[in-house]
file work_18.tsv (TSV, C-alpha atoms and all ligand atoms)
chain	number	residue	atom	x	y	z
A	1	MET	CA	132.32	117.56	116.24
A	2	LEU	CA	134.77	115.06	114.77
A	3	ALA	CA	137.45	113.28	116.73
A	4	ALA	CA	141.03	114.48	116.19
A	5	GLY	CA	143.74	112.55	114.35
A	6	CYS	CA	142.59	112.56	110.74
A	7	ALA	CA	145.15	112.56	107.93
A	8	ALA	CA	145.70	115.17	105.22
A	9	ALA	CA	143.15	115.25	102.37
A	10	PRO	CA	143.62	112.14	100.23
A	11	THR	CA	144.41	112.38	96.53
A	12	PRO	CA	142.87	109.32	94.89
A	13	ALA	CA	143.48	108.41	91.28
A	14	PRO	CA	140.87	109.92	88.95
A	15	ALA	CA	138.07	107.69	87.69
A	16	THR	CA	138.84	106.38	84.21
A	17	ALA	CA	136.66	105.18	81.33
A	18	GLU	CA	138.01	101.71	82.02
A	19	ALA	CA	136.51	101.96	85.51
A	20	GLU	CA	133.00	102.34	84.07
A	21	GLU	CA	132.01	98.71	84.36
A	22	VAL	CA	128.35	97.75	84.97
A	23	ILE	CA	127.52	94.70	87.08
A	24	THR	CA	123.99	93.32	87.07
A	25	LEU	CA	123.15	92.23	90.60
A	26	PRO	CA	121.34	88.98	91.45
A	27	ALA	CA	117.58	89.47	91.88
A	28	PRO	CA	116.88	90.37	95.52
A	29	ARG	CA	114.95	87.87	97.56
A	30	GLN	CA	111.80	88.95	99.35
A	31	LYS	CA	111.65	86.13	101.88
A	32	GLY	CA	114.21	85.15	104.47
A	33	PRO	CA	114.61	82.91	107.47
A	34	LEU	CA	114.37	85.74	110.04
A	35	SER	CA	111.26	87.74	110.95
A	36	LEU	CA	111.38	91.53	111.06
A	37	GLU	CA	111.03	91.29	114.83
A	38	GLU	CA	114.04	88.97	115.05
A	39	ALA	CA	116.12	91.28	112.85
A	40	LEU	CA	115.17	94.23	115.07
A	41	ALA	CA	116.11	92.29	118.19
A	42	ARG	CA	119.44	91.16	116.69
A	43	ARG	CA	120.62	94.45	115.19
A	44	ARG	CA	123.67	95.69	117.05
A	45	SER	CA	126.57	97.87	115.91
A	46	VAL	CA	129.34	95.47	114.91
A	47	ARG	CA	132.84	96.88	114.37
A	48	GLU	CA	135.00	93.75	113.87
A	49	TYR	CA	134.73	91.54	110.81
A	50	ALA	CA	135.85	88.11	109.65
A	51	PRO	CA	138.36	88.11	106.75
A	52	ARG	CA	135.90	87.19	104.03
A	53	SER	CA	134.41	89.21	101.18
A	54	LEU	CA	130.69	89.79	100.83
A	55	THR	CA	129.00	87.88	98.02
A	56	TRP	CA	127.26	89.75	95.18
A	57	GLU	CA	123.99	88.31	96.55
A	58	GLU	CA	124.67	89.95	99.93
A	59	ILE	CA	125.78	93.24	98.37
A	60	GLY	CA	122.73	93.31	96.09
A	61	GLN	CA	120.36	92.47	98.94
A	62	LEU	CA	121.78	95.25	101.14
A	63	LEU	CA	121.51	97.80	98.32
A	64	TRP	CA	117.96	96.70	97.54
A	65	ALA	CA	117.03	97.12	101.22
A	66	ALA	CA	118.42	100.65	101.17
A	67	GLN	CA	116.97	101.93	97.87
A	68	GLY	CA	115.60	99.05	95.79
A	69	ILE	CA	112.60	99.52	93.51
A	70	THR	CA	109.49	97.67	94.68
A	71	SER	CA	106.71	98.81	92.36
A	72	PRO	CA	106.15	99.29	88.62
A	73	GLN	CA	105.77	103.04	89.33
A	74	GLY	CA	109.32	103.17	90.69
A	75	PHE	CA	108.54	103.44	94.40
A	76	ARG	CA	111.32	102.15	96.63
A	77	THR	CA	111.92	100.17	99.83
A	78	ALA	CA	112.50	103.43	101.76
A	79	PRO	CA	109.96	106.28	101.78
A	80	SER	CA	110.84	109.56	100.09
A	81	ALA	CA	109.25	113.02	100.39
A	82	GLY	CA	107.30	113.57	97.17
A	83	ALA	CA	108.87	110.35	95.82
A	84	LEU	CA	111.77	112.51	94.60
A	85	TYR	CA	114.45	110.06	95.75
A	86	PRO	CA	117.36	112.38	96.60
A	87	LEU	CA	119.64	109.59	97.86
A	88	GLU	CA	122.53	107.99	95.96
A	89	VAL	CA	124.10	104.85	97.36
A	90	TYR	CA	127.67	103.72	96.77
A	91	VAL	CA	129.61	100.69	97.90
A	92	VAL	CA	133.36	100.75	98.35
A	93	LEU	CA	134.96	97.36	97.71
A	94	PRO	CA	138.59	96.29	97.31
A	95	GLU	CA	138.02	96.38	93.53
A	96	GLY	CA	136.78	99.96	93.41
A	97	VAL	CA	133.90	102.35	94.05
A	98	TYR	CA	130.48	101.30	92.75
A	99	HIS	CA	127.34	103.41	92.33
A	100	TYR	CA	123.98	101.67	92.82
A	101	LEU	CA	121.52	102.01	89.95
A	102	PRO	CA	118.11	101.13	91.48
A	103	HIS	CA	116.24	100.78	88.21
A	104	PRO	CA	118.25	97.99	86.62
A	105	HIS	CA	119.33	96.83	90.12
A	106	ALA	CA	122.93	97.08	89.00
A	107	LEU	CA	126.23	98.61	90.04
A	108	ARG	CA	128.31	100.93	87.91
A	109	ARG	CA	131.97	101.10	88.82
A	110	THR	CA	132.95	104.76	89.05
A	111	ALA	CA	136.54	104.35	90.22
A	112	ALA	CA	139.01	101.48	90.22
A	113	GLY	CA	141.30	100.43	93.06
A	114	ASP	CA	140.92	99.98	96.78
A	115	ARG	CA	139.89	103.27	98.40
A	116	ARG	CA	138.99	101.89	101.82
A	117	SER	CA	142.20	103.11	103.39
A	118	ALA	CA	141.68	106.68	102.13
A	119	LEU	CA	138.06	106.45	103.23
A	120	GLY	CA	139.20	105.34	106.70
A	121	ASP	CA	141.46	108.40	106.88
A	122	ALA	CA	138.48	110.58	105.92
A	123	ALA	CA	136.43	108.92	108.67
A	124	VAL	CA	138.82	110.09	111.38
A	125	ARG	CA	140.71	106.78	111.23
A	126	GLN	CA	137.87	104.59	112.42
A	127	ARG	CA	138.92	100.95	112.16
A	128	PRO	CA	135.71	99.48	110.76
A	129	VAL	CA	136.08	101.65	107.64
A	130	TYR	CA	139.60	100.30	106.96
A	131	GLU	CA	138.75	96.70	107.83
A	132	ALA	CA	135.25	95.95	106.53
A	133	PRO	CA	135.12	94.11	103.19
A	134	ALA	CA	132.45	96.58	102.02
A	135	VAL	CA	131.63	100.13	103.05
A	136	PHE	CA	128.24	101.44	101.94
A	137	VAL	CA	127.90	105.19	101.53
A	138	ILE	CA	124.59	107.04	101.51
A	139	ALA	CA	124.80	110.48	99.88
A	140	GLY	CA	122.07	113.07	99.47
A	141	VAL	CA	121.37	115.54	96.65
A	142	TYR	CA	119.50	118.33	98.45
A	143	GLU	CA	118.58	120.17	95.24
A	144	ARG	CA	116.39	117.29	94.08
A	145	THR	CA	114.08	117.75	97.07
A	146	ALA	CA	114.52	121.52	97.44
A	147	ALA	CA	113.05	122.06	93.96
A	148	LYS	CA	109.67	121.13	95.49
A	149	TYR	CA	110.08	121.65	99.23
A	150	GLY	CA	112.47	124.59	99.56
A	151	GLN	CA	114.06	124.97	103.00
A	152	ARG	CA	112.31	121.86	104.30
A	153	ALA	CA	114.48	119.78	101.96
A	154	GLN	CA	117.46	119.41	104.25
A	155	ARG	CA	115.29	117.89	106.97
A	156	TYR	CA	113.61	115.55	104.51
A	157	VAL	CA	116.88	114.33	102.97
A	158	HIS	CA	118.35	113.61	106.41
A	159	LEU	CA	115.23	111.74	107.48
A	160	GLU	CA	115.40	109.70	104.28
A	161	ALA	CA	119.06	108.82	104.84
A	162	GLY	CA	117.98	107.47	108.24
A	163	HIS	CA	115.26	105.35	106.65
A	164	ALA	CA	117.65	103.92	104.05
A	165	ALA	CA	120.38	103.29	106.61
A	166	GLN	CA	118.02	101.52	108.99
A	167	ASN	CA	116.74	99.31	106.17
A	168	LEU	CA	120.32	98.38	105.33
A	169	LEU	CA	121.21	97.72	108.97
A	170	LEU	CA	118.18	95.48	109.47
A	171	GLN	CA	118.91	93.64	106.23
A	172	ALA	CA	122.48	93.09	107.43
A	173	ALA	CA	121.13	91.65	110.69
A	174	ALA	CA	118.73	89.43	108.75
A	175	LEU	CA	121.63	88.11	106.64
A	176	GLY	CA	123.72	87.39	109.75
A	177	LEU	CA	126.14	90.20	108.82
A	178	GLY	CA	127.61	92.86	111.10
A	179	ALA	CA	127.40	96.60	110.37
A	180	VAL	CA	127.81	99.95	112.05
A	181	PRO	CA	126.42	103.34	111.02
A	182	ILE	CA	129.17	105.98	110.94
A	183	GLY	CA	128.48	109.69	111.04
A	184	ALA	CA	131.94	111.01	112.00
A	185	PHE	CA	133.81	111.88	108.80
A	186	HIS	CA	135.00	114.84	106.78
A	187	ASP	CA	132.48	115.46	104.01
A	188	ASP	CA	134.95	116.96	101.55
A	189	GLN	CA	137.45	114.16	102.03
A	190	VAL	CA	134.81	111.47	101.54
A	191	ARG	CA	133.62	113.32	98.44
A	192	ALA	CA	137.19	113.38	97.05
A	193	VAL	CA	137.93	109.74	97.87
A	194	LEU	CA	134.75	108.51	96.17
A	195	GLY	CA	134.76	111.04	93.34
A	196	LEU	CA	131.26	112.24	94.28
A	197	GLY	CA	129.65	115.10	92.39
A	198	ALA	CA	129.69	118.55	93.99
A	199	ASP	CA	125.91	118.23	94.54
A	200	GLU	CA	126.24	114.94	96.46
A	201	THR	CA	126.72	115.23	100.23
A	202	PRO	CA	127.85	112.07	102.01
A	203	LEU	CA	125.53	111.49	104.97
A	204	TYR	CA	126.35	108.03	106.28
A	205	LEU	CA	129.10	105.42	105.96
A	206	ILE	CA	128.08	101.84	106.80
A	207	PRO	CA	130.89	99.28	106.96
A	208	VAL	CA	129.52	95.72	106.62
A	209	GLY	CA	131.13	92.32	107.00
A	210	ALA	CA	130.62	88.89	108.47
A	211	PRO	CA	131.01	89.37	112.23
A	212	ARG	CA	134.31	88.13	113.67
A	301	LIG	C1	123.80	109.41	113.69
A	301	LIG	C2	124.74	108.31	114.19
A	301	LIG	C3	126.12	108.43	114.00
A	301	LIG	C4	126.99	107.41	114.45
A	301	LIG	N1	128.33	107.54	114.19
A	301	LIG	C5	129.19	106.54	114.60
A	301	LIG	C6	130.58	106.65	114.33
A	301	LIG	O1	131.06	107.61	113.72
A	301	LIG	N2	131.38	105.62	114.73
A	301	LIG	C7	130.91	104.52	115.39
A	301	LIG	O2	131.68	103.60	115.73
A	301	LIG	N3	129.58	104.40	115.67
A	301	LIG	C8	128.71	105.38	115.28
A	301	LIG	N4	127.37	105.26	115.52
A	301	LIG	C9	126.85	104.01	116.18
A	301	LIG	C10	126.52	104.23	117.69
A	301	LIG	O3	127.71	104.32	118.44
A	301	LIG	C11	125.66	103.02	118.15
A	301	LIG	O4	124.45	103.01	117.43
A	301	LIG	C12	125.36	103.11	119.66
A	301	LIG	O5	126.53	102.88	120.44
A	301	LIG	C13	124.27	102.08	120.13
A	301	LIG	O6	124.71	100.74	119.87
A	301	LIG	P1	123.89	99.76	118.93
A	301	LIG	O7	123.88	100.37	117.53
A	301	LIG	O8	124.67	98.46	118.95
A	301	LIG	O9	122.48	99.60	119.45
A	301	LIG	C14	126.49	106.26	115.10
A	301	LIG	C15	125.09	106.16	115.29
A	301	LIG	C16	124.22	107.15	114.82
A	301	LIG	C17	122.72	106.97	115.00
call {"tool": "encode", "arguments": {"input": "work_18.tsv", "output": "structure tokens", "more": "lines below"}}
Ligand SMILES: Cc1cc2nc3c(=O)[nH]c(=O)nc-3n(C[C@H](O)[C@H](O)[C@H](O)COP(=O)(O)O)c2cc1C
result
Amino acid sequence: MLAAGCAAAPTPAPATAEAEEVITLPAPRQKGPLSLEEALARRRSVREYAPRSLTWEEIGQLLWAAQGITSPQGFRTAPSAGALYPLEVYVVLPEGVYHYLPHPHALRRTAAGDRRSALGDAAVRQRPVYEAPAVFVIAGVYERTAAKYGQRAQRYVHLEAGHAAQNLLLQAAALGLGAVPIGAFHDDQVRAVLGLGADETPLYLIPVGAPR
């Protein structure tokens, strides 16, 4: 059940052709100063952030951790039932809403303008969503997995969102960033704020920033 106090459904500006900008992300690194064990030990939910933006390197690294491609066959950092990859990842920045394209490791801007405030309203007014410089959103397309696995698909898509989210959270810890997984939000409001397709269900919001 969601906490009380959320605002009326937001009415964001529609995405425009001008918003459809593609940004090639820096190549993700596959070595870092922290071991996996150290990242596991350091991961903590962080809800207060320093007033600095994330770099494109940080944004790209976090997206790669969540859903990056790691083999010529197209397999990804996170496991997926039947390798059907039902997850879509977005990042909400002050400049707009961006959809992650794993294959070119790029971002496509799907909406212009700062939607973090409307997203915060949709997330029952949780402060990290208003205040983080970047909010990652993991959405699932159940139909992609249901075509093969029928009723088992919902379970599989939720498990996969957990895998992707944990990868992102551990990558944030390894980069010295703070993040918190957020499950309390109104699906329809998040869908409207981000301009998600009717087949995309938002499953997780993950605000990320340098810890304050
Ligand atoms: C499924 C799920 C949903 C969560 N939703 C929220 C949320 O809406 N807001 C929030 O501040 N934290 C949320 N959290 C974070 C938990 O509060 C946090 O993981 C817990 O307090 C343990 O702290 P730690 O993450 O620092 O180990 C969520 C965690 C999970 C696993």
call {"tool": "closest_residue", "arguments": {"input": "work_18.tsv", "among": "A:Gly113, A:Pro207, A:Gly96, A:Gly140", "to": "ligand LIG 301 (chain A)", "atoms": "all atoms listed in the file"}}
result
A:Pro207
call {"tool": "closest_residue", "arguments": {"input": "work_18.tsv", "among": "A:Arg108, A:Arg125, A:Arg76, A:His99", "to": "A:Trp64", "atoms": "all atoms listed in the file"}}
result
A:Arg76
call {"tool": "closest_atom_pairs", "arguments": {"input": "work_18.tsv", "of": "chain A", "to": "ligand LIG 301 (chain A)", "cutoff": "9 Å", "atoms": "only C-alpha atoms and all ligand atoms", "output": "CSV"}}
result
residue,atom,partner,partner_atom,distance
A:Leu2,CA,A:LIG301,O1,8.4
A:Arg43,CA,A:LIG301,O8,6.8
A:Arg44,CA,A:LIG301,O8,3.5
A:Ser45,CA,A:LIG301,O8,3.6
A:Val46,CA,A:LIG301,O8,6.9
A:Arg47,CA,A:LIG301,O2,7.0
A:Ala123,CA,A:LIG301,O1,7.5
A:Val124,CA,A:LIG301,O1,8.5
A:Gln126,CA,A:LIG301,N2,7.0
A:Arg127,CA,A:LIG301,O2,8.5
A:Pro128,CA,A:LIG301,O2,7.6
A:Gly162,CA,A:LIG301,C1,8.2
A:Ala179,CA,A:LIG301,O7,8.8
A:Val180,CA,A:LIG301,C9,5.9
A:Pro181,CA,A:LIG301,N4,5.0
A:Ile182,CA,A:LIG301,N1,3.7
A:Gly183,CA,A:LIG301,N1,3.8
A:Ala184,CA,A:LIG301,O1,3.9
A:Phe185,CA,A:LIG301,O1,7.1
A:Tyr204,CA,A:LIG301,C3,7.7
A:Leu205,CA,A:LIG301,O1,8.3
call {"tool": "atom_distance", "arguments": {"input": "work_18.tsv", "atom1": "atom CA of A:Asp114", "atom2": "atom CA of A:Tyr130"}}
result
10.3 Å
call {"tool": "closest_residue", "arguments": {"input": "work_18.tsv", "among": "A:Glu37, A:Val193, A:His103, A:Gln30", "to": "A:Asp121", "atoms": "all atoms listed in the file"}}
result
A:Val193
call {"tool": "closest_residue", "arguments": {"input": "work_18.tsv", "among": "A:Leu169, A:Ala134, A:Ala66, A:Ala27", "to": "A:Ala106", "atoms": "all atoms listed in the file"}}
result
A:Ala27
call {"tool": "residues_around", "arguments": {"input": "work_18.tsv", "residues": "stretch 155-159 of chain A", "least_positions_apart": "5", "cutoff": "7 Å", "atoms": "all atoms listed in the file", "output": "count of residues only"}}
result
4
call {"tool": "closest_residue", "arguments": {"input": "work_18.tsv", "among": "A:Ala118, A:Leu170, A:Ala192, A:Ala161", "to": "A:Leu87", "atoms": "all atoms listed in the file"}}
result
A:Ala161
call {"tool": "atom_distance", "arguments": {"input": "work_18.tsv", "atom1": "atom CA of A:Pro133", "atom2": "atom CA of A:Gly176"}}
result
14.8 Å
call {"tool": "closest_residue", "arguments": {"input": "work_18.tsv", "among": "A:Thr77, A:Gly209, A:Gly32, A:Trp56", "to": "A:Gln166", "atoms": "only C-alpha atoms"}}
result
A:Thr77
call {"tool": "atom_distance", "arguments": {"input": "work_18.tsv", "atom1": "atom CA of A:Ala172", "atom2": "atom CA of A:Glu88"}}
result
18.8 Å
call {"tool": "axis_aligned_box", "arguments": {"input": "work_18.tsv", "around": "stretch 109-115 of chain A", "padding_each_side": "3 Å", "output": "JSON"}}
result
{"center_x": 136.6, "center_y": 102.4, "center_z": 93.6, "size_x": 15.3, "size_y": 10.8, "size_z": 15.6}
call {"tool": "residues_around", "arguments": {"input": "work_18.tsv", "residues": "stretch 57-60 of chain A", "least_positions_apart": "4", "cutoff": "10 Å", "atoms": "all atoms listed in the file", "output": "list in words"}}
result
Thr24, Leu25, Pro26, Ala27, Pro28, Arg29, Ser53, Trp64, Ala65, Ala66, Gly68, Val91, Tyr100, His105, Ala106, Leu107, Ala134, Phe136, Gln171, Ala172, Leu175, Leu177, Val208 and Gly209 of chain A
